[in-house]
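Structure file start.cif (mmCIF, C-alpha atoms and all ligand atoms) follows.
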```
data_query
loop_
_atom_site.label_atom_id
_atom_site.label_comp_id
_atom_site.auth_asym_id
_atom_site.auth_seq_id
_atom_site.Cartn_x
_atom_site.Cartn_y
_atom_site.Cartn_z
CA MET V 1 0.00 0.00 0.00
CA ASP V 2 1.31 3.42 -0.92
CA CYS V 3 1.02 5.00 2.51
CA LEU V 4 3.77 7.14 4.02
CA PHE V 5 2.99 6.13 7.59
CA CYS V 6 2.85 2.41 6.70
CA LYS V 7 6.34 2.93 5.26
CA ILE V 8 7.48 4.44 8.58
CA ILE V 9 5.95 1.43 10.39
CA ASN V 10 7.84 -0.91 8.03
CA LYS V 11 11.06 1.12 8.52
CA GLU V 12 11.23 1.90 4.81
CA ILE V 13 11.32 5.60 5.74
CA PRO V 14 13.29 6.70 8.82
CA ALA V 15 11.70 8.49 11.77
CA THR V 16 12.73 9.38 15.30
CA ILE V 17 10.72 6.82 17.24
CA HIS V 18 9.78 7.43 20.88
CA PHE V 19 7.60 4.38 21.48
CA GLU V 20 6.74 1.15 19.69
CA ASP V 21 4.84 -2.03 20.53
CA ASP V 22 2.79 -4.56 18.54
CA ASP V 23 -0.11 -2.13 18.04
CA ILE V 24 1.30 1.39 18.01
CA ILE V 25 4.26 3.49 17.00
CA ALA V 26 5.00 7.09 18.07
CA PHE V 27 7.53 9.31 16.31
CA GLU V 28 8.50 12.94 15.92
CA ASP V 29 6.63 15.06 13.37
CA ILE V 30 9.03 16.07 10.58
CA ASN V 31 7.69 19.65 10.64
CA PRO V 32 7.04 20.34 14.33
CA ASN V 33 4.56 23.02 15.41
CA ALA V 34 5.77 22.97 19.03
CA PRO V 35 8.89 21.93 21.00
CA VAL V 36 7.20 18.55 21.48
CA HIS V 37 5.28 17.33 18.43
CA LEU V 38 4.80 13.59 18.19
CA LEU V 39 2.50 11.52 16.00
CA ILE V 40 0.96 8.42 17.57
CA ILE V 41 -0.30 5.96 14.98
CA PRO V 42 -1.76 2.46 14.94
CA LYS V 43 0.16 -0.19 13.00
CA LYS V 44 -3.17 -1.18 11.49
CA HIS V 45 -3.87 1.00 8.44
CA ILE V 46 -7.06 3.00 9.07
CA SER V 47 -7.44 5.87 6.59
CA THR V 48 -9.53 8.33 8.60
CA LEU V 49 -11.30 8.43 11.93
CA ASN V 50 -14.50 7.78 9.91
CA ASP V 51 -13.12 4.36 8.96
CA ALA V 52 -12.55 3.24 12.55
CA THR V 53 -15.06 0.61 13.72
CA ASP V 54 -16.17 -0.76 17.09
CA GLU V 55 -13.34 -3.28 16.70
CA ASP V 56 -10.85 -0.38 16.87
CA THR V 57 -12.17 1.14 20.11
CA LEU V 58 -9.47 -0.39 22.30
CA LEU V 59 -6.75 0.52 19.79
CA ILE V 60 -7.84 4.17 19.68
CA GLY V 61 -8.03 4.26 23.46
CA LYS V 62 -4.51 2.91 23.56
CA MET V 63 -3.34 5.70 21.24
CA VAL V 64 -4.74 8.30 23.63
CA ARG V 65 -3.23 6.53 26.64
CA THR V 66 0.14 6.39 24.85
CA ALA V 67 -0.07 10.15 24.28
CA SER V 68 -0.51 10.85 28.00
CA GLN V 69 2.30 8.45 28.91
CA LEU V 70 4.66 10.09 26.41
CA ALA V 71 3.66 13.53 27.71
CA GLU V 72 4.67 12.38 31.19
CA LYS V 73 7.94 10.89 29.89
CA LEU V 74 8.81 14.09 27.99
CA GLY V 75 8.05 16.31 30.98
CA ILE V 76 5.04 18.20 29.58
CA ALA V 77 2.27 16.45 31.49
CA GLN V 78 1.99 19.13 34.16
CA SER V 79 2.58 22.16 31.89
CA GLY V 80 0.01 20.72 29.48
CA TYR V 81 -0.46 19.64 25.89
CA LYS V 82 -2.91 19.22 23.03
CA THR V 83 -3.98 15.97 21.37
CA ILE V 84 -5.54 16.28 17.93
CA PHE V 85 -6.99 13.95 15.30
CA ASN V 86 -7.51 15.72 11.97
CA CYS V 87 -10.18 14.20 9.74
CA ASN V 88 -10.56 14.74 5.99
CA LYS V 89 -10.16 17.98 4.04
CA ASP V 90 -11.86 20.49 6.34
CA GLY V 91 -10.09 18.94 9.32
CA GLY V 92 -6.73 19.52 7.66
CA GLN V 93 -5.84 15.84 7.23
CA VAL V 94 -2.91 15.42 4.83
CA ILE V 95 -1.78 11.88 5.58
CA TYR V 96 -4.57 9.31 5.22
CA HIS V 97 -3.47 6.93 7.99
CA ILE V 98 -4.97 8.01 11.31
CA HIS V 99 -2.59 9.71 13.70
CA LEU V 100 -2.92 11.48 17.00
CA HIS V 101 -0.87 14.68 17.24
CA LEU V 102 0.71 15.31 20.67
CA LEU V 103 1.79 18.95 20.98
CA GLY V 104 3.35 20.70 23.93
CA GLY V 105 6.32 22.44 25.47
CA LYS V 106 4.93 25.95 24.89
CA LYS V 107 1.65 27.83 25.33
CA LEU V 108 -0.53 26.72 22.41
P1 LIG V 201 -2.19 15.83 9.22
O1 LIG V 201 -2.24 17.20 8.63
O2 LIG V 201 -2.49 14.75 8.22
O3 LIG V 201 -3.02 15.71 10.48
O4 LIG V 201 -0.71 15.65 9.74
C1 LIG V 201 0.29 15.00 9.04
C2 LIG V 201 1.58 15.31 9.75
O5 LIG V 201 2.58 14.43 9.24
C3 LIG V 201 2.09 16.74 9.53
O6 LIG V 201 2.20 17.41 10.78
C4 LIG V 201 3.44 16.55 8.84
O7 LIG V 201 4.41 17.47 9.28
C5 LIG V 201 3.80 15.11 9.20
N1 LIG V 201 4.64 14.45 8.21
C6 LIG V 201 4.47 14.48 6.85
N2 LIG V 201 5.41 13.73 6.25
C7 LIG V 201 6.18 13.20 7.24
C8 LIG V 201 7.31 12.33 7.24
O8 LIG V 201 7.80 11.87 6.19
N3 LIG V 201 7.84 12.01 8.45
C9 LIG V 201 7.32 12.48 9.62
N4 LIG V 201 7.94 12.12 10.75
N5 LIG V 201 6.25 13.30 9.66
C10 LIG V 201 5.69 13.66 8.48
ZN ZN V 202 -0.98 3.33 6.30
#
```
Could you show the structure in this file as structure tokens?
Ligand code: 5GP
Ligand code: ZN
Amino acid sequence: MDCLFCKIINKEIPATIHFEDDDIIAFEDINPNAPVHLLIIPKKHISTLNDATDEDTLLIGKMVRTASQLAEKLGIAQSGYKTIFNCNKDGGQVIYHIHLHLLGGKKL
């Protein structure tokens, strides 16, 4: 499949990875909008949030939980952060493999 994030999962494209397990990978955004800007993605290819099903509920919960754990690890949990899913054109989605943005380290 011609998907940039699947290529990152398969290590065909390099990324600075902060967390990885069987379900999820988290890496630095190539064009950060904040001192901390990570993308948390499922290894399962899901194009948009609209394509997630009941079967994916636990996986999406795990993405959110991973975001809060990484925020703690990177020292921004107390100062605060934003978590964002962009969906489709009006939501500003550019890469069609769902990803949770984790942004922090400054006042947003
Ligand atoms: P979207 O607008 O789809 O929610 O966000 C896509 C994000 O992926 C953008 O913030 C963009 O900077 C990031 N991005 C695009 N291409 C690459 C890449 O090749 N590597 C990494 N690490 N991030 C990328
Ligand atoms: Zn993909």
Next on the checklist: Residues contacting ligand LIG 201 (chain V) - anything with an atom at most 10 Å away, using all atoms listed in the file - can you give me those as number ranges by chain?
Outcome noted: V: 4-5, 7-8, 13-17, 26-33, 37-39, 48, 84-89, 91-101
Save the residues we just selected, C-alpha atoms, as a PDB file, keeping the file's coordinate frame?
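For reference, result.pdb as written:
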```
ATOM      1  CA  LEU V   4       3.770   7.140   4.020  1.00  0.00           C
ATOM      2  CA  PHE V   5       2.990   6.130   7.590  1.00  0.00           C
ATOM      3  CA  LYS V   7       6.340   2.930   5.260  1.00  0.00           C
ATOM      4  CA  ILE V   8       7.480   4.440   8.580  1.00  0.00           C
ATOM      5  CA  ILE V  13      11.320   5.600   5.740  1.00  0.00           C
ATOM      6  CA  PRO V  14      13.290   6.700   8.820  1.00  0.00           C
ATOM      7  CA  ALA V  15      11.700   8.490  11.770  1.00  0.00           C
ATOM      8  CA  THR V  16      12.730   9.380  15.300  1.00  0.00           C
ATOM      9  CA  ILE V  17      10.720   6.820  17.240  1.00  0.00           C
ATOM     10  CA  ALA V  26       5.000   7.090  18.070  1.00  0.00           C
ATOM     11  CA  PHE V  27       7.530   9.310  16.310  1.00  0.00           C
ATOM     12  CA  GLU V  28       8.500  12.940  15.920  1.00  0.00           C
ATOM     13  CA  ASP V  29       6.630  15.060  13.370  1.00  0.00           C
ATOM     14  CA  ILE V  30       9.030  16.070  10.580  1.00  0.00           C
ATOM     15  CA  ASN V  31       7.690  19.650  10.640  1.00  0.00           C
ATOM     16  CA  PRO V  32       7.040  20.340  14.330  1.00  0.00           C
ATOM     17  CA  ASN V  33       4.560  23.020  15.410  1.00  0.00           C
ATOM     18  CA  HIS V  37       5.280  17.330  18.430  1.00  0.00           C
ATOM     19  CA  LEU V  38       4.800  13.590  18.190  1.00  0.00           C
ATOM     20  CA  LEU V  39       2.500  11.520  16.000  1.00  0.00           C
ATOM     21  CA  THR V  48      -9.530   8.330   8.600  1.00  0.00           C
ATOM     22  CA  ILE V  84      -5.540  16.280  17.930  1.00  0.00           C
ATOM     23  CA  PHE V  85      -6.990  13.950  15.300  1.00  0.00           C
ATOM     24  CA  ASN V  86      -7.510  15.720  11.970  1.00  0.00           C
ATOM     25  CA  CYS V  87     -10.180  14.200   9.740  1.00  0.00           C
ATOM     26  CA  ASN V  88     -10.560  14.740   5.990  1.00  0.00           C
ATOM     27  CA  LYS V  89     -10.160  17.980   4.040  1.00  0.00           C
ATOM     28  CA  GLY V  91     -10.090  18.940   9.320  1.00  0.00           C
ATOM     29  CA  GLY V  92      -6.730  19.520   7.660  1.00  0.00           C
ATOM     30  CA  GLN V  93      -5.840  15.840   7.230  1.00  0.00           C
ATOM     31  CA  VAL V  94      -2.910  15.420   4.830  1.00  0.00           C
ATOM     32  CA  ILE V  95      -1.780  11.880   5.580  1.00  0.00           C
ATOM     33  CA  TYR V  96      -4.570   9.310   5.220  1.00  0.00           C
ATOM     34  CA  HIS V  97      -3.470   6.930   7.990  1.00  0.00           C
ATOM     35  CA  ILE V  98      -4.970   8.010  11.310  1.00  0.00           C
ATOM     36  CA  HIS V  99      -2.590   9.710  13.700  1.00  0.00           C
ATOM     37  CA  LEU V 100      -2.920  11.480  17.000  1.00  0.00           C
ATOM     38  CA  HIS V 101      -0.870  14.680  17.240  1.00  0.00           C
TER      39      HIS V 101
END
```
Checklist entry - Between V:Gly80, V:Gly104, V:Lys11, V:Ile40, which one has atoms that come closest to V:Arg65, using all atoms listed in the file? => result V:Ile40
Next on the checklist: I want to know what sits within 10 Å of V:Lys73, based on only C-alpha atoms, with residues of the same chain fewer than 5 positions away left out; could you give that as a count of residues only?
Outcome noted: 3
Checklist outcome for this item: atom CA of V:Ala34 sits from atom CA of V:Leu59 at a separation of 25.7 Å
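Of the listed residues V:Gly61, V:Gly105, V:Pro35, V:Pro42, the one whose atoms come nearest to V:Ile76 is V:Gly105, with distances taken using only C-alpha atoms.
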Next on the checklist: Restricting the calculation to all atoms listed in the file: of V:Leu49, V:Cys6, V:Val36, V:Ile60, which residue gets closest to ligand ZN 202 (chain V)?
Outcome noted: V:Cys6
Checklist entry - Pick from V:His45, V:Lys62, V:Phe19, V:Asn10: nearest to ligand ZN 202 (chain V), with only C-alpha atoms and all ligand atoms counted? => result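 Ranked by minimum distance to ligand ZN 202 (chain V), first place goes to V:His45.
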Next on the checklist: Restricting the calculation to all atoms listed in the file: of V:Ile41, V:Ile25, V:Met1, V:Leu103, which residue gets closest to V:Lys82?
Outcome noted: V:Leu103
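Closest approach to V:Leu74 among V:Leu108, V:Leu102, V:Asp56, V:Glu12: V:Leu102, based on only C-alpha atoms.
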Checklist entry - What does the distance between atom CA of V:Leu70 and atom CA of V:Lys43 come to in Å, to one decimal place? => result 17.5 Å
Taking all atoms of stretch 65-71 of chain V that the file lists and extending 6 Å past them on each side, where is the centre of the axis-aligned box and how long are its edges? Answer in Å to one decimal, as AutoDock Vina command-line options.
```
--center_x 0.7 --center_y 10.0 --center_z 26.6 --size_x 19.9 --size_y 19.1 --size_z 16.6
```
Checklist entry - How many Å separate atom CA of V:Ser47 from atom CA of V:Ala71? => result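 Atom CA of V:Ala71 lies 25.1 Å from atom CA of V:Ser47.
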